[in-house]
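Colleague: Next up is a structure, given as structure tokens.
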Amino acid sequence: MPKVRVPRKNVTPNELVTVLSRRLGGRYQVESNGAGRVTVRKNQLMYASISIADTPGASVFRVHGGGFIFLRAANTFGTARRVADTLRRSPSSAACRTPDKRAAAGRAGGRRQLGPPQLL
């Protein structure tokens with residue numbers, strides 16, 4: 001279950017719906033049930049649920065795939081991953097996100113990037 005941490009407290013479900021609708025585009029239907037949960041649907045069988053939790057100084061979004069048991073794994077690696085990646089790329093989450101190992105390896109080209117040598 002992907003988690004995304006943003007450096008802002010008290011993010012409302014309506015704000016999350018607005019951001020996700022704008023960033024995901026018309027292929028996804030984003031709606032809130034008003035109880036701190038947001039649902040993102042690609043179709044009737046492929047969807048992700050997002051719960052919002054407040055922590056000191058930040059909000060944490062827990063994203064997980066939904067559906068029948070055999071579809072839940074596919075939704076977790078498909079729709080839920082896409083939603084979590086979209087939230088991570090959001091400008092408001094850039095300052096406080098936890099780096100993903102694969103994303104860090106992709107940026108570094110699989111190699112560790114070192115800065116200039118330091119003189120002692």
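By convention in this document, the chains of the structure tokens carry letters A, B, ... by their order, each chain's residues are numbered from 1, and ligands are numbered from 1 in the order they are shown.
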Leaving out Ala58 of chain A and any residue of its chain fewer than 6 positions from it, which residues lie within 6 Å of it when counting only C-alpha atoms, given as a PyMOL selection string?
Modeller: chain A and resi 6-9
Colleague: Can you list every residue in segment 12-79 of chain A that DSSP puts in alpha helix (DSSP H), as a PyMOL selection string?
Modeller: chain A and resi 13-24+69-77+79
Colleague: Kindly save the residues from that selection, with C-alpha atoms included, as a CSV table (one decimal), in the first residue's frame.
Modeller:
```
chain,number,residue,atom,x,y,z
A,13,PRO,CA,-10.9,15.4,0.4
A,14,ASN,CA,-12.3,18.2,-1.9
A,15,GLU,CA,-8.8,19.6,-2.4
A,16,LEU,CA,-7.5,16.1,-3.1
A,17,VAL,CA,-10.3,15.6,-5.7
A,18,THR,CA,-9.4,18.9,-7.4
A,19,VAL,CA,-5.7,18.1,-7.6
A,20,LEU,CA,-6.1,14.5,-8.8
A,21,SER,CA,-8.8,15.4,-11.4
A,22,ARG,CA,-6.6,18.0,-12.9
A,23,ARG,CA,-3.4,15.9,-12.9
A,24,LEU,CA,-5.0,12.5,-14.0
A,69,ILE,CA,-9.7,-10.2,-4.3
A,70,PHE,CA,-8.1,-11.3,-7.6
A,71,LEU,CA,-8.3,-7.7,-9.0
A,72,ARG,CA,-7.1,-6.0,-5.9
A,73,ALA,CA,-3.4,-6.9,-6.6
A,74,ALA,CA,-3.7,-5.7,-10.2
A,75,ASN,CA,-5.3,-2.4,-9.0
A,76,THR,CA,-2.7,-1.9,-6.4
A,77,PHE,CA,0.1,-2.2,-9.0
A,79,THR,CA,-4.4,2.4,-10.7
```
Colleague: Counting only C-alpha atoms, what is within 8 Å of segment 48-50 of chain A, bar same-chain residues fewer than 6 positions away, as number ranges by chain?
Modeller: A: 37-41, 61-66, 75-76, 79-80, 83
Colleague: Identify which of the residues A:Val11, A:Gln29, A:Ala35, A:Arg5 lies closest to Arg89 of chain A, counting only C-alpha atoms when measuring atom-to-atom distances.
Modeller: A:Arg5
